[in-house]
Amino acid sequence: MSADSTSLPPIRRGPAARAARLLLAWLTLVPALAGAAQARYELDPVHTRVLFAISHAGFSQALGTLSGSTGTLEFDPDDWSQARLDVNVPLQRLDLGDDGWNRAALARNLLDAQRWPEARFVSTRVESLAPDRFIVHGELTLRGVTREVPLQVTFNALKRHPLPPFRRTAGFSATATLSRQAFGMDAWPSVIGDQVELRIEAEALRSTRAGDGKATTDDDGIAPAPGADADTPPPASDDPADSPAPP
């Protein structure tokens, strides 16, 4: 028999070929299906705050806060392995309780907030410890320097908010520790400690926009009221005693 390829039998297109095509189609759909359950949430800057503690010459732990953080969180509460977090923290919102200390902390030899007005944290992977506890590994960029920082996160709640606009809300608490010298802040070593302890309280609201920019509904099937956002104040109390006196 000749070895010429024209003598080879034709490829059969039977059940095995159809099964192979179906398997290939399924494998193609798996990544899309894996991400389908993920929902997008936006940080509520009013109810998200970073508390930091750092030694003050060994006498006490100086406490300060950073408010106004913004960013996005995408996650599936049944599978945190693909969760993604991207947060921006405005450094000018720093508050140590004293204007002089605020200016000193934001100065060029420390945070250098004039040149680097924001800190940014971007997650790289999520390590599950329990249904409500995780380690969110990520990269923190501060003062133009990027370092890996793990966040110890507790997942507090995921439910419809009881106040207007009744958006589905996720709540988290997190802690972390970092070295200020690792980010290039080595001024005043005899007065300011190196280790910075962080405590983060965060709330994130279900986004009212899908990836294509179209309006969507929350998990309860309720579309938010037009113009409603995280800054919507609580409704006025019905109790006259809670109302301000008329002018």
# chains A, B, ... in the order shown; residues from 1 in each chain; ligands from 1
$ closest_atom_pairs --of "stretch 48-107 of chain A" --to "stretch 174-188 of chain A" --cutoff "10 Å" --atoms "only C-alpha atoms" --output "CSV"
residue,atom,partner,partner_atom,distance
A:Val50,CA,A:Ala174,CA,9.4
A:Leu51,CA,A:Thr175,CA,9.4
A:Phe52,CA,A:Thr177,CA,9.4
A:Ala53,CA,A:Thr177,CA,9.7
A:Ile54,CA,A:Arg180,CA,9.7
A:Ala57,CA,A:Trp188,CA,9.5
$ closest_atom_pairs --of "stretch 168-202 of chain A" --to "stretch 74-95 of chain A" --cutoff "12 Å" --atoms "only C-alpha atoms" --output "Markdown table"
| residue | atom | partner | partner_atom | distance |
| --- | --- | --- | --- | --- |
| A:Ala170 | CA | A:Pro77 | CA | 9.9 |
| A:Ile200 | CA | A:Val89 | CA | 11.5 |
| A:Ala202 | CA | A:Val87 | CA | 10.8 |
$ write_last_selection --atoms "N, CA, C and O atoms" --output "CSV table (one decimal), in the first residue's frame"
chain,number,residue,atom,x,y,z
A,170,ALA,N,-22.3,45.5,51.3
A,170,ALA,CA,-21.3,44.6,51.9
A,170,ALA,C,-20.5,45.4,52.9
A,170,ALA,O,-20.1,46.5,52.7
A,200,ILE,N,-9.2,49.0,59.4
A,200,ILE,CA,-10.0,49.5,58.3
A,200,ILE,C,-11.5,49.0,58.5
A,200,ILE,O,-11.7,47.8,58.7
A,202,ALA,N,-15.0,49.2,56.4
A,202,ALA,CA,-15.5,49.6,55.0
A,202,ALA,C,-16.9,49.1,54.7
A,202,ALA,O,-17.3,48.0,55.2
$ atom_distance --atom1 "atom CA of A:Gly71" --atom2 "atom CA of A:His47"
12.8 Å
$ residues_around --residues "A:Asp98" --least-positions-apart "6" --cutoff "12 Å" --atoms "only C-alpha atoms" --output "number ranges by chain"
A: 62-65, 104-105
$ atom_distance --atom1 "atom CA of A:Gly171" --atom2 "atom CA of A:Glu203"
4.5 Å
$ select_by_dssp --residues "stretch 8-209 of chain A" --states "strand (DSSP E)" --output "PyMOL selection string"
chain A and resi 39-43+49-56+60-67+70-76+79-90+94-95+118-130+133-142+145-160+168-179+192-206
$ closest_residue --among "A:Asp99, A:Arg168, A:Leu142, A:Arg199" --to "A:Thr154" --atoms "only C-alpha atoms"
A:Arg199
